[in-house]
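A.B. asks: Coordinates in query-v2.cif, mmCIF, C-alpha atoms, are listed below.
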```
data_work
loop_
_atom_site.label_atom_id
_atom_site.label_comp_id
_atom_site.auth_asym_id
_atom_site.auth_seq_id
_atom_site.Cartn_x
_atom_site.Cartn_y
_atom_site.Cartn_z
CA MET A 1 23.30 11.12 -28.25
CA SER A 2 22.89 10.77 -24.49
CA ALA A 3 20.83 7.89 -23.16
CA GLY A 4 17.30 8.59 -22.00
CA PHE A 5 15.53 7.08 -19.04
CA ILE A 6 16.32 3.40 -18.47
CA PRO A 7 13.93 1.72 -16.03
CA PRO A 8 15.75 0.12 -13.10
CA PRO A 9 15.25 -3.59 -12.43
CA TYR A 10 11.86 -4.23 -10.84
CA PRO A 11 12.72 -4.98 -7.19
CA TYR A 12 11.04 -8.38 -6.95
CA ASP A 13 12.67 -9.61 -10.16
CA ARG A 14 15.97 -9.47 -8.26
CA LEU A 15 14.76 -12.42 -6.17
CA ASP A 16 14.60 -14.78 -9.15
CA ARG A 17 18.01 -16.27 -8.36
CA PHE A 18 16.66 -17.67 -5.06
CA LYS A 19 13.68 -19.41 -6.63
CA PRO A 20 15.53 -22.56 -7.75
CA LEU A 21 16.66 -23.15 -4.15
CA ALA A 22 13.06 -23.21 -3.01
CA ALA A 23 11.52 -24.92 -6.02
CA ALA A 24 13.77 -27.96 -5.53
CA MET A 25 12.02 -28.82 -2.27
CA GLU A 26 9.03 -31.12 -2.03
CA GLY A 27 6.01 -28.85 -1.97
CA GLY A 28 7.85 -26.15 -3.91
CA LEU A 29 8.25 -22.45 -3.34
CA VAL A 30 6.39 -20.60 -0.57
CA ASP A 31 6.31 -17.00 -1.78
CA LEU A 32 6.25 -14.52 1.09
CA SER A 33 7.84 -11.70 -0.90
CA ILE A 34 5.04 -9.81 -2.69
CA GLY A 35 1.91 -8.73 -0.80
CA THR A 36 -0.45 -10.61 -3.12
CA PRO A 37 -3.63 -11.81 -1.37
CA CYS A 38 -4.36 -15.53 -1.60
CA ASP A 39 -7.78 -15.77 0.02
CA ALA A 40 -11.11 -15.80 -1.81
CA PRO A 41 -13.22 -12.64 -1.96
CA PRO A 42 -16.88 -12.92 -0.90
CA ALA A 43 -19.19 -14.84 -3.24
CA SER A 44 -21.48 -11.80 -3.39
CA VAL A 45 -18.65 -9.74 -4.88
CA ILE A 46 -17.97 -12.32 -7.60
CA ALA A 47 -21.71 -12.49 -8.33
CA ALA A 48 -21.83 -8.72 -8.76
CA LEU A 49 -18.82 -8.85 -11.05
CA ALA A 50 -20.55 -11.43 -13.25
CA SER A 51 -24.01 -9.90 -13.40
CA SER A 52 -23.67 -6.11 -13.59
CA ASN A 53 -24.27 -5.86 -17.37
CA ALA A 54 -21.85 -2.95 -17.22
CA GLU A 55 -19.29 -4.37 -19.63
CA ARG A 56 -20.78 -2.91 -22.80
CA GLY A 57 -20.37 0.83 -22.31
CA TYR A 58 -17.61 3.09 -21.11
CA PRO A 59 -17.68 3.44 -17.33
CA PRO A 60 -17.39 6.89 -15.72
CA SER A 61 -13.78 7.72 -14.95
CA ILE A 62 -14.72 9.45 -11.70
CA GLY A 63 -16.54 6.31 -10.54
CA THR A 64 -20.15 5.21 -10.74
CA GLU A 65 -22.64 6.72 -8.32
CA PRO A 66 -23.10 3.36 -6.51
CA LEU A 67 -19.35 2.93 -6.06
CA ARG A 68 -18.79 6.44 -4.74
CA ARG A 69 -21.80 6.20 -2.43
CA ALA A 70 -20.51 2.85 -1.13
CA ALA A 71 -17.13 4.48 -0.44
CA GLN A 72 -18.86 7.40 1.28
CA SER A 73 -20.92 5.05 3.45
CA TRP A 74 -17.87 2.95 4.36
CA MET A 75 -15.84 5.98 5.46
CA SER A 76 -18.76 7.23 7.54
CA ARG A 77 -19.45 3.84 9.10
CA ARG A 78 -15.82 2.89 9.73
CA PHE A 79 -14.20 6.20 10.65
CA GLY A 80 -17.01 8.64 11.38
CA VAL A 81 -16.01 11.02 8.57
CA ASP A 82 -18.46 12.67 6.19
CA VAL A 83 -17.11 13.09 2.66
CA PRO A 84 -19.39 14.50 -0.07
CA VAL A 85 -19.81 12.09 -2.98
CA ASP A 86 -18.39 14.61 -5.45
CA GLN A 87 -15.16 14.63 -3.41
CA ILE A 88 -14.57 10.92 -4.11
CA GLY A 89 -13.03 9.47 -7.29
CA ALA A 90 -12.24 5.98 -8.55
CA CYS A 91 -8.76 4.83 -9.55
CA VAL A 92 -7.45 1.83 -11.48
CA GLY A 93 -5.86 0.30 -8.42
CA THR A 94 -3.99 2.62 -6.11
CA LYS A 95 -0.53 1.82 -7.47
CA GLU A 96 -1.28 3.67 -10.71
CA PHE A 97 -2.62 6.58 -8.65
CA VAL A 98 0.58 6.71 -6.60
CA ALA A 99 2.76 6.43 -9.70
CA THR A 100 0.99 9.11 -11.78
CA THR A 101 -0.27 11.78 -9.40
CA ALA A 102 3.01 13.73 -9.18
CA GLN A 103 3.01 14.40 -12.92
CA TRP A 104 -0.55 15.76 -12.79
CA LEU A 105 0.32 18.03 -9.87
CA LYS A 106 3.45 19.22 -11.70
CA LEU A 107 1.23 20.39 -14.55
CA ARG A 108 -0.97 22.18 -12.02
CA THR A 109 1.93 23.87 -10.18
CA PRO A 110 4.96 24.07 -12.51
CA SER A 111 6.91 26.16 -10.00
CA ARG A 112 7.19 23.14 -7.69
CA ASP A 113 9.26 20.07 -8.45
CA THR A 114 9.67 17.91 -5.31
CA VAL A 115 7.98 14.75 -4.04
CA LEU A 116 8.38 14.08 -0.31
CA PHE A 117 7.94 10.49 0.90
CA PRO A 118 8.96 8.23 3.82
CA ALA A 119 12.60 7.14 3.72
CA VAL A 120 11.63 3.49 4.28
CA ALA A 121 8.62 2.92 2.09
CA TYR A 122 6.86 1.31 -0.84
CA PRO A 123 9.19 2.09 -3.77
CA THR A 124 6.52 3.57 -6.05
CA TYR A 125 6.49 6.87 -4.14
CA GLU A 126 10.07 7.53 -5.18
CA MET A 127 9.47 6.18 -8.69
CA SER A 128 6.55 8.60 -9.11
CA ALA A 129 9.00 11.47 -8.75
CA THR A 130 11.35 9.96 -11.33
CA LEU A 131 8.56 9.37 -13.83
CA SER A 132 7.32 12.94 -13.47
CA GLY A 133 10.76 14.52 -13.80
CA CYS A 134 10.68 15.68 -10.19
CA ARG A 135 13.10 15.56 -7.27
CA ALA A 136 12.55 12.66 -4.89
CA VAL A 137 13.29 13.69 -1.31
CA ALA A 138 13.05 11.04 1.41
CA VAL A 139 11.81 12.10 4.86
CA ALA A 140 13.54 10.48 7.82
CA SER A 141 11.63 8.57 10.50
CA THR A 142 11.65 8.90 14.26
CA ALA A 143 12.63 5.96 16.46
CA ASP A 144 9.01 4.75 16.55
CA GLY A 145 8.68 4.79 12.75
CA ARG A 146 6.76 8.04 12.31
CA LEU A 147 7.70 10.72 9.80
CA ASP A 148 10.16 13.15 11.35
CA LEU A 149 8.52 16.33 10.10
CA SER A 150 11.20 18.43 11.80
CA SER A 151 13.80 16.89 9.48
CA ILE A 152 12.22 18.37 6.35
CA ASP A 153 14.37 21.17 5.01
CA PRO A 154 12.25 24.34 4.61
CA ALA A 155 13.73 24.73 1.12
CA ASP A 156 12.38 21.29 0.17
CA ALA A 157 8.99 22.10 1.69
CA ALA A 158 8.83 25.27 -0.41
CA ARG A 159 9.41 23.20 -3.57
CA ALA A 160 7.13 20.29 -2.63
CA LEU A 161 4.26 19.26 -4.87
CA LEU A 162 3.03 16.79 -2.28
CA LEU A 163 3.96 14.71 0.73
CA TRP A 164 3.16 10.99 0.75
CA VAL A 165 2.42 9.24 4.03
CA ASN A 166 1.63 5.54 4.43
CA SER A 167 -0.02 4.38 7.67
CA PRO A 168 0.07 1.51 8.50
CA ASN A 169 3.40 1.65 6.75
CA ASN A 170 4.63 -0.83 4.16
CA PRO A 171 7.06 -2.38 5.06
CA THR A 172 7.50 -1.40 8.71
CA GLY A 173 3.92 -1.64 9.97
CA ALA A 174 4.38 1.62 11.89
CA LEU A 175 1.42 3.94 12.52
CA ASP A 176 1.91 7.64 11.89
CA ASP A 177 0.54 10.77 13.54
CA LEU A 178 -1.82 11.71 10.74
CA ASP A 179 -3.21 14.76 12.54
CA ALA A 180 0.28 16.23 12.89
CA ILE A 181 1.10 15.47 9.25
CA ALA A 182 -2.11 17.11 8.02
CA ALA A 183 -1.35 20.18 10.14
CA TRP A 184 2.21 20.35 8.76
CA GLY A 185 0.89 20.14 5.20
CA ARG A 186 -1.63 22.93 5.74
CA SER A 187 0.86 25.22 7.46
CA ASN A 188 3.39 24.71 4.64
CA GLY A 189 0.94 24.77 1.73
CA VAL A 190 1.87 21.18 0.76
CA PRO A 191 -0.92 18.74 -0.19
CA VAL A 192 -0.71 15.54 1.85
CA PHE A 193 -1.62 12.24 0.16
CA SER A 194 -2.25 9.48 2.69
CA ASP A 195 -1.96 5.94 1.32
CA GLU A 196 -4.24 3.94 3.62
CA CYS A 197 -4.44 0.60 1.83
CA TYR A 198 -3.64 -1.37 5.01
CA ILE A 199 -5.97 0.59 7.27
CA GLU A 200 -8.31 -2.36 7.93
CA PHE A 201 -5.35 -4.28 9.37
CA THR A 202 -4.49 -1.92 12.21
CA TRP A 203 -3.48 -3.89 15.30
CA ASP A 204 -2.52 -1.20 17.81
CA GLY A 205 -5.69 0.79 18.50
CA PRO A 206 -8.48 1.75 16.11
CA PRO A 207 -7.82 2.41 12.42
CA ARG A 208 -7.17 6.08 11.58
CA THR A 209 -7.64 8.04 8.38
CA ILE A 210 -6.14 11.45 7.69
CA LEU A 211 -9.65 12.65 6.80
CA GLU A 212 -10.49 12.68 10.51
CA SER A 213 -8.45 15.91 10.69
CA GLY A 214 -10.67 17.54 8.04
CA LEU A 215 -10.67 17.43 4.25
CA GLN A 216 -8.76 20.63 3.46
CA GLY A 217 -5.40 20.00 1.81
CA VAL A 218 -5.46 16.23 2.21
CA ILE A 219 -6.35 13.19 0.10
CA ALA A 220 -6.86 9.68 1.46
CA VAL A 221 -6.18 6.82 -0.97
CA HIS A 222 -7.91 3.46 -0.42
CA SER A 223 -7.54 0.10 -2.13
CA MET A 224 -9.81 -2.91 -2.49
CA SER A 225 -6.80 -5.18 -3.07
CA LYS A 226 -5.89 -5.87 0.55
CA ARG A 227 -9.21 -5.27 2.29
CA SER A 228 -11.25 -7.56 0.05
CA ASN A 229 -8.66 -9.75 -1.75
CA LEU A 230 -9.39 -8.06 -5.09
CA ALA A 231 -5.86 -7.20 -6.24
CA GLY A 232 -6.58 -8.68 -9.68
CA LEU A 233 -9.50 -6.34 -10.33
CA ARG A 234 -7.46 -3.13 -9.97
CA VAL A 235 -9.84 -0.80 -8.16
CA GLY A 236 -9.49 1.79 -5.45
CA PHE A 237 -10.62 5.32 -4.67
CA TYR A 238 -9.32 8.67 -3.49
CA ALA A 239 -11.20 11.20 -1.37
CA GLY A 240 -10.69 14.51 0.37
CA ASP A 241 -9.94 18.11 -0.58
CA ALA A 242 -12.59 19.40 -3.03
CA GLU A 243 -10.23 21.34 -5.30
CA LEU A 244 -7.63 18.55 -5.52
CA VAL A 245 -10.20 15.82 -6.14
CA THR A 246 -11.98 17.84 -8.84
CA TYR A 247 -8.68 18.58 -10.59
CA LEU A 248 -7.61 14.94 -10.53
CA GLN A 249 -11.04 13.73 -11.66
CA GLU A 250 -10.93 16.03 -14.68
CA ILE A 251 -7.37 15.29 -15.75
CA ARG A 252 -7.88 11.54 -15.33
CA LYS A 253 -10.91 11.74 -17.66
CA HIS A 254 -8.65 13.09 -20.39
CA VAL A 255 -6.13 10.29 -19.82
CA GLY A 256 -8.86 7.64 -20.03
CA MET A 257 -8.24 6.10 -16.62
CA LEU A 258 -11.39 3.99 -16.35
CA VAL A 259 -12.14 1.24 -13.84
CA PRO A 260 -14.17 -1.35 -15.79
CA GLY A 261 -17.90 -1.18 -15.08
CA PRO A 262 -18.25 -4.73 -13.71
CA VAL A 263 -15.31 -4.09 -11.40
CA GLN A 264 -16.93 -0.96 -10.04
CA ALA A 265 -20.12 -2.93 -9.36
CA ALA A 266 -18.15 -5.60 -7.49
CA ALA A 267 -16.22 -3.00 -5.46
CA ALA A 268 -19.46 -1.34 -4.34
CA VAL A 269 -20.70 -4.66 -2.97
CA ALA A 270 -17.37 -5.33 -1.22
CA LEU A 271 -17.37 -1.91 0.46
CA ALA A 272 -20.84 -2.58 1.86
CA ASP A 273 -19.70 -5.80 3.55
CA ASP A 274 -17.62 -5.56 6.74
CA ASP A 275 -18.01 -9.20 7.81
CA HIS A 276 -15.53 -10.63 5.32
CA VAL A 277 -12.94 -8.07 6.43
CA ALA A 278 -13.25 -9.22 10.03
CA VAL A 279 -12.59 -12.79 8.90
CA GLN A 280 -9.57 -11.62 6.91
CA ARG A 281 -8.17 -9.74 9.91
CA ASP A 282 -8.26 -12.95 11.95
CA ARG A 283 -6.45 -14.83 9.20
CA TYR A 284 -3.64 -12.29 8.95
CA ARG A 285 -3.28 -12.03 12.71
CA TRP A 286 -2.81 -15.80 13.01
CA ARG A 287 -0.30 -15.89 10.15
CA LEU A 288 1.69 -12.99 11.59
CA GLU A 289 1.91 -14.64 14.99
CA ARG A 290 2.78 -18.07 13.60
CA LEU A 291 5.52 -16.81 11.29
CA ALA A 292 6.98 -14.45 13.90
CA THR A 293 7.24 -17.34 16.35
CA THR A 294 8.62 -19.71 13.71
CA LEU A 295 11.28 -17.39 12.30
CA SER A 296 12.35 -16.21 15.76
CA ALA A 297 12.82 -19.78 16.96
CA TRP A 298 14.82 -20.73 13.86
CA SER A 299 16.98 -17.62 13.53
CA GLY A 300 17.36 -16.46 17.12
CA LEU A 301 16.41 -12.95 15.98
CA HIS A 302 13.89 -10.66 17.64
CA ILE A 303 10.91 -10.51 15.29
CA PRO A 304 8.26 -8.11 16.60
CA MET A 305 4.60 -8.02 15.67
CA PRO A 306 3.71 -4.97 13.54
CA ALA A 307 1.42 -2.17 14.70
CA GLY A 308 -0.45 -2.57 11.44
CA GLY A 309 -0.39 -4.27 8.04
CA PHE A 310 0.36 -7.88 7.19
CA TYR A 311 4.14 -7.79 7.04
CA LEU A 312 6.82 -8.79 9.51
CA TRP A 313 9.72 -6.32 9.44
CA PHE A 314 12.86 -7.04 11.42
CA ASP A 315 16.58 -6.47 11.62
CA ALA A 316 18.39 -9.49 10.15
CA HIS A 317 21.82 -7.76 10.02
CA ASP A 318 22.01 -8.41 6.26
CA GLY A 319 18.71 -8.61 4.40
CA TRP A 320 20.02 -10.39 1.31
CA ALA A 321 21.98 -12.96 3.29
CA PHE A 322 18.92 -13.78 5.40
CA ALA A 323 16.70 -14.09 2.32
CA GLU A 324 19.14 -16.52 0.68
CA ARG A 325 19.53 -18.56 3.86
CA LEU A 326 15.75 -18.85 4.34
CA ALA A 327 15.19 -19.83 0.70
CA GLY A 328 17.70 -22.64 1.08
CA ALA A 329 16.43 -23.85 4.47
CA ALA A 330 12.68 -23.45 4.11
CA GLY A 331 11.94 -22.88 0.42
CA ALA A 332 10.45 -19.51 1.38
CA LEU A 333 10.99 -16.30 -0.57
CA VAL A 334 11.09 -13.02 1.39
CA SER A 335 12.05 -9.44 0.52
CA PRO A 336 15.38 -7.89 1.49
CA GLY A 337 14.77 -4.55 3.14
CA ASP A 338 16.74 -2.46 0.67
CA PHE A 339 13.78 -2.78 -1.72
CA TYR A 340 12.16 -0.13 0.47
CA GLY A 341 15.04 2.31 0.75
CA ALA A 342 18.69 2.31 1.77
CA GLY A 343 17.67 2.59 5.41
CA GLY A 344 16.24 -0.93 5.26
CA ALA A 345 19.38 -2.72 4.06
CA GLN A 346 19.75 -4.74 7.26
CA ASN A 347 16.08 -5.65 7.36
CA VAL A 348 13.75 -8.25 5.89
CA ARG A 349 10.07 -8.01 5.02
CA VAL A 350 7.89 -11.13 5.25
CA ALA A 351 4.42 -10.94 3.66
CA VAL A 352 2.02 -13.34 5.40
CA VAL A 353 0.01 -13.90 2.24
CA GLN A 354 0.08 -17.69 2.03
CA PRO A 355 -2.63 -20.05 3.36
CA GLU A 356 -2.21 -21.68 6.75
CA ASP A 357 -1.03 -24.99 5.30
CA ARG A 358 1.82 -23.24 3.45
CA ILE A 359 2.79 -21.35 6.61
CA GLU A 360 2.89 -24.68 8.46
CA LEU A 361 5.02 -26.16 5.67
CA VAL A 362 7.64 -23.47 6.31
CA ALA A 363 7.53 -24.25 10.04
CA ARG A 364 8.03 -28.00 9.41
CA ARG A 365 10.94 -27.37 7.06
CA LEU A 366 12.58 -25.24 9.76
CA GLY A 367 11.90 -27.86 12.43
CA VAL A 368 9.62 -25.58 14.46
CA SER A 369 6.53 -27.28 15.85
#
```
What does this structure look like when you write it as structure tokens?

C.D. replies:
Amino acid sequence: MSAGFIPPPYPYDRLDRFKPLAAAMEGGLVDLSIGTPCDAPPASVIAALASSNAERGYPPSIGTEPLRRAAQSWMSRRFGVDVPVDQIGACVGTKEFVATTAQWLKLRTPSRDTVLFPAVAYPTYEMSATLSGCRAVAVASTADGRLDLSSIDPADAARALLLWVNSPNNPTGALDDLDAIAAWGRSNGVPVFSDECYIEFTWDGPPRTILESGLQGVIAVHSMSKRSNLAGLRVGFYAGDAELVTYLQEIRKHVGMLVPGPVQAAAAVALADDDHVAVQRDRYRWRLERLATTLSAWSGLHIPMPAGGFYLWFDAHDGWAFAERLAGAAGALVSPGDFYGAGGAQNVRVAVVQPEDRIELVARRLGVS
């Protein structure tokens, strides 16, 4: 009997061999590998989580009315886009949405079998194709980090279930031309799913959503994890094209994908509060600048600031060698770039998700004042 699917090693588990190098230092490991927020969410959000009285019954899979209206108001206030409430749905954190959507679209359009995604990207886009029995086809980037739409083979476009775009990009921080991508999707009959979880941390110019180009044929995916430090609650939402949203809402009901009621109540409060996000932007900006300066001074490498997101992404010549060297010298764990595609093998990603005192500890260990 032939072997079935064997899950590959989870990327971050491959870093375990470096942890003893860091843990041996006074003060222990400084984990800059996974983009896990460390800062506290607003007290009002925790109060809503504790007092909603929504834990007894089953919550609506599509999202409560208050949550969807809060999402609608946020998109209008922040980006000037008007999305009807019935074209918004809740998801159990956006990672599950990314990982499962291809299989639902394959059921909808069995004649198509291809997932298009950025060549250097969050690995779950490619895994979503594998889990749905589809072809994973990486789309090359231009020199400035945008999707090179001209590189997409027309034969792949004809077979595509969807195209994923991520702007600001994880890991590169690049900002994409979302208007051009939406236009390409519409002209080729390919739904575009825009993962915008880092949108509040856009450094070069104002934040952009694909919904600014209109709702037809596009879905924007938003997360509370990064914006409001609520990664542990697992809540996000998707919004856009009426037919696509309705289809996904209905199929997800049958699967039982329910964001817990108290979590939905907390997310609605968080979406109504922009002040805590402004504070968080300042924190990440300081950490990015401090670590870029520190690592540049220590390594002699050019470490640029990103256009968006809270990751440093730079050419270290050999990502694994740099990660091992930094673990031994500073007790800091970072991600080799091949986690995000073969095109990142020379690179390193540094997530600035540790408090200021831990960032300063890395600087002291490296002898950078």

A.B. asks: Pull out every residue that the PyMOL selection byres ((chain A and resi 234-238) around 9) matches in the shown coordinates and put them as a PyMOL selection string.

C.D. replies: chain A and resi 63+68+71+87-95+97+197+219-225+230-233+239-240+245+259-260+263-264+267

A.B. asks: Using C-alpha atoms, can you write the selected residues to a file as a PDB file, in the coordinates of the input?

C.D. replies:
```
ATOM      1  CA  GLY A  63     -16.540   6.310 -10.540  1.00  0.00           C
ATOM      2  CA  ARG A  68     -18.790   6.440  -4.740  1.00  0.00           C
ATOM      3  CA  ALA A  71     -17.130   4.480  -0.440  1.00  0.00           C
ATOM      4  CA  GLN A  87     -15.160  14.630  -3.410  1.00  0.00           C
ATOM      5  CA  ILE A  88     -14.570  10.920  -4.110  1.00  0.00           C
ATOM      6  CA  GLY A  89     -13.030   9.470  -7.290  1.00  0.00           C
ATOM      7  CA  ALA A  90     -12.240   5.980  -8.550  1.00  0.00           C
ATOM      8  CA  CYS A  91      -8.760   4.830  -9.550  1.00  0.00           C
ATOM      9  CA  VAL A  92      -7.450   1.830 -11.480  1.00  0.00           C
ATOM     10  CA  GLY A  93      -5.860   0.300  -8.420  1.00  0.00           C
ATOM     11  CA  THR A  94      -3.990   2.620  -6.110  1.00  0.00           C
ATOM     12  CA  LYS A  95      -0.530   1.820  -7.470  1.00  0.00           C
ATOM     13  CA  PHE A  97      -2.620   6.580  -8.650  1.00  0.00           C
ATOM     14  CA  CYS A 197      -4.440   0.600   1.830  1.00  0.00           C
ATOM     15  CA  ILE A 219      -6.350  13.190   0.100  1.00  0.00           C
ATOM     16  CA  ALA A 220      -6.860   9.680   1.460  1.00  0.00           C
ATOM     17  CA  VAL A 221      -6.180   6.820  -0.970  1.00  0.00           C
ATOM     18  CA  HIS A 222      -7.910   3.460  -0.420  1.00  0.00           C
ATOM     19  CA  SER A 223      -7.540   0.100  -2.130  1.00  0.00           C
ATOM     20  CA  MET A 224      -9.810  -2.910  -2.490  1.00  0.00           C
ATOM     21  CA  SER A 225      -6.800  -5.180  -3.070  1.00  0.00           C
ATOM     22  CA  LEU A 230      -9.390  -8.060  -5.090  1.00  0.00           C
ATOM     23  CA  ALA A 231      -5.860  -7.200  -6.240  1.00  0.00           C
ATOM     24  CA  GLY A 232      -6.580  -8.680  -9.680  1.00  0.00           C
ATOM     25  CA  LEU A 233      -9.500  -6.340 -10.330  1.00  0.00           C
ATOM     26  CA  ALA A 239     -11.200  11.200  -1.370  1.00  0.00           C
ATOM     27  CA  GLY A 240     -10.690  14.510   0.370  1.00  0.00           C
ATOM     28  CA  VAL A 245     -10.200  15.820  -6.140  1.00  0.00           C
ATOM     29  CA  VAL A 259     -12.140   1.240 -13.840  1.00  0.00           C
ATOM     30  CA  PRO A 260     -14.170  -1.350 -15.790  1.00  0.00           C
ATOM     31  CA  VAL A 263     -15.310  -4.090 -11.400  1.00  0.00           C
ATOM     32  CA  GLN A 264     -16.930  -0.960 -10.040  1.00  0.00           C
ATOM     33  CA  ALA A 267     -16.220  -3.000  -5.460  1.00  0.00           C
TER      34      ALA A 267
END
```

A.B. asks: For a test of reading the model, state the distance in Å between atom CA of A:Val190 and atom CA of A:Ala158, rounded to one decimal.

C.D. replies: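 Atom-to-atom, atom CA of A:Val190 to atom CA of A:Ala158, that is 8.2 Å.
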
A.B. asks: Can you turn the PyMOL selection byres ((chain A and resi 14) around 12) into a concrete residue list for this file, as a list in words?

C.D. replies: Pro8, Pro9, Tyr10, Pro11, Tyr12, Asp13, Leu15, Asp16, Arg17, Phe18, Lys19, Ser33, Trp320, Ala323, Glu324, Leu333, Val334, Ser335, Pro336, Asp338 and Phe339 of chain A

A.B. asks: Name the closest residue to A:Leu215 among the candidates A:Pro154, A:Pro84, A:Gly343, A:Pro59; distances are taken between atoms, counting only C-alpha atoms.

C.D. replies: A:Pro84

A.B. asks: For A:Leu105, which residue out of A:Leu248, A:Ala292, A:Ile62, A:Ala272 is the nearest one, using all atoms listed in the file?

C.D. replies: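 Ranking A:Leu248, A:Ala292, A:Ile62, A:Ala272 by distance to A:Leu105, first place goes to A:Leu248.
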
A.B. asks: If you apply the PyMOL selection byres ((chain A and resi 106) around 12) to this file, what residues do you get, as a list in words?

C.D. replies: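 When the PyMOL selection byres ((chain A and resi 106) around 12) is applied to the shown file, the picked residues are Thr100, Thr101, Ala102, Gln103, Trp104, Leu105, Leu107, Arg108, Thr109, Pro110, Ser111, Arg112, Asp113, Thr114, Val115, Ser128, Ala129, Leu131, Ser132, Gly133, Cys134, Arg135, Arg159, Ala160, Leu161, Leu162 and Leu248 of chain A.
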
A.B. asks: Between A:Leu163, A:Val269, A:Leu29, A:Ala345, which one has atoms that come closest to A:Val120, using all atoms listed in the file?

C.D. replies: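 Among A:Leu163, A:Val269, A:Leu29, A:Ala345, it is A:Ala345 that comes nearest to A:Val120.
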
A.B. asks: Please determine, counting all atoms listed in the file, which residue among A:Val255, A:Ala268, A:Ala307, A:Ile152 has the shortest atom-to-atom distance to A:Pro206.

C.D. replies: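 Answer, going by the shortest atom-to-atom distance: A:Ala307.
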
A.B. asks: Can you work out which one of A:Ala40, A:Val277, A:Ala157, A:Met127 has the shortest atom-to-atom distance to A:Glu200, counting only C-alpha atoms?

C.D. replies: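 Of the candidates, the smallest distance to A:Glu200 is held by A:Val277.
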
A.B. asks: Have a look at A:Ile46, A:Leu116, A:Leu211, A:Leu178 and name the one nearest to A:Val83; count all atoms listed in the file.

C.D. replies: A:Leu211

A.B. asks: When you draw a straight line from atom CA of A:Gln346 to atom CA of A:Ala321, how long is it in Å?

C.D. replies: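 Between atom CA of A:Gln346 and atom CA of A:Ala321 the gap is 9.4 Å.
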
A.B. asks: Expressed in Å to a single decimal, how great is the separation between atom CA of A:Asp315 and atom CA of A:Ala24?

C.D. replies: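 Result for atom CA of A:Asp315 versus atom CA of A:Ala24: 27.6 Å, one decimal.
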
A.B. asks: Can you take the partial stretch 11-22 of chain A, add N, CA and C atoms, and return it as an mmCIF file, in the coordinates of the input?

C.D. replies:
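To be explicit, this is the file written out as out18.cif:
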```
data_model
loop_
_atom_site.group_PDB
_atom_site.id
_atom_site.type_symbol
_atom_site.label_atom_id
_atom_site.label_comp_id
_atom_site.auth_asym_id
_atom_site.auth_seq_id
_atom_site.Cartn_x
_atom_site.Cartn_y
_atom_site.Cartn_z
ATOM 1 N N PRO A 11 12.094 -4.407 -8.390
ATOM 2 C CA PRO A 11 12.720 -4.980 -7.190
ATOM 3 C C PRO A 11 12.529 -6.486 -7.047
ATOM 4 N N TYR A 12 11.304 -6.964 -7.235
ATOM 5 C CA TYR A 12 11.040 -8.380 -6.950
ATOM 6 C C TYR A 12 11.665 -9.310 -7.980
ATOM 7 N N ASP A 13 11.982 -8.777 -9.171
ATOM 8 C CA ASP A 13 12.670 -9.610 -10.160
ATOM 9 C C ASP A 13 14.070 -9.983 -9.689
ATOM 10 N N ARG A 14 14.618 -9.191 -8.775
ATOM 11 C CA ARG A 14 15.970 -9.470 -8.260
ATOM 12 C C ARG A 14 16.005 -10.724 -7.391
ATOM 13 N N LEU A 15 14.824 -11.213 -6.999
ATOM 14 C CA LEU A 15 14.760 -12.420 -6.170
ATOM 15 C C LEU A 15 14.770 -13.705 -6.992
ATOM 16 N N ASP A 16 14.734 -13.585 -8.304
ATOM 17 C CA ASP A 16 14.600 -14.780 -9.150
ATOM 18 C C ASP A 16 15.716 -15.795 -8.908
ATOM 19 N N ARG A 17 16.890 -15.336 -8.536
ATOM 20 C CA ARG A 17 18.010 -16.270 -8.360
ATOM 21 C C ARG A 17 17.821 -17.187 -7.153
ATOM 22 N N PHE A 18 16.920 -16.816 -6.221
ATOM 23 C CA PHE A 18 16.660 -17.670 -5.060
ATOM 24 C C PHE A 18 15.577 -18.719 -5.340
ATOM 25 N N LYS A 19 14.821 -18.525 -6.390
ATOM 26 C CA LYS A 19 13.680 -19.410 -6.630
ATOM 27 C C LYS A 19 14.073 -20.868 -6.867
ATOM 28 N N PRO A 20 15.162 -21.144 -7.580
ATOM 29 C CA PRO A 20 15.530 -22.560 -7.750
ATOM 30 C C PRO A 20 15.838 -23.260 -6.426
ATOM 31 N N LEU A 21 16.392 -22.548 -5.448
ATOM 32 C CA LEU A 21 16.660 -23.150 -4.150
ATOM 33 C C LEU A 21 15.381 -23.660 -3.508
ATOM 34 N N ALA A 22 14.327 -22.858 -3.633
ATOM 35 C CA ALA A 22 13.060 -23.210 -3.010
ATOM 36 C C ALA A 22 12.286 -24.228 -3.847
#
```
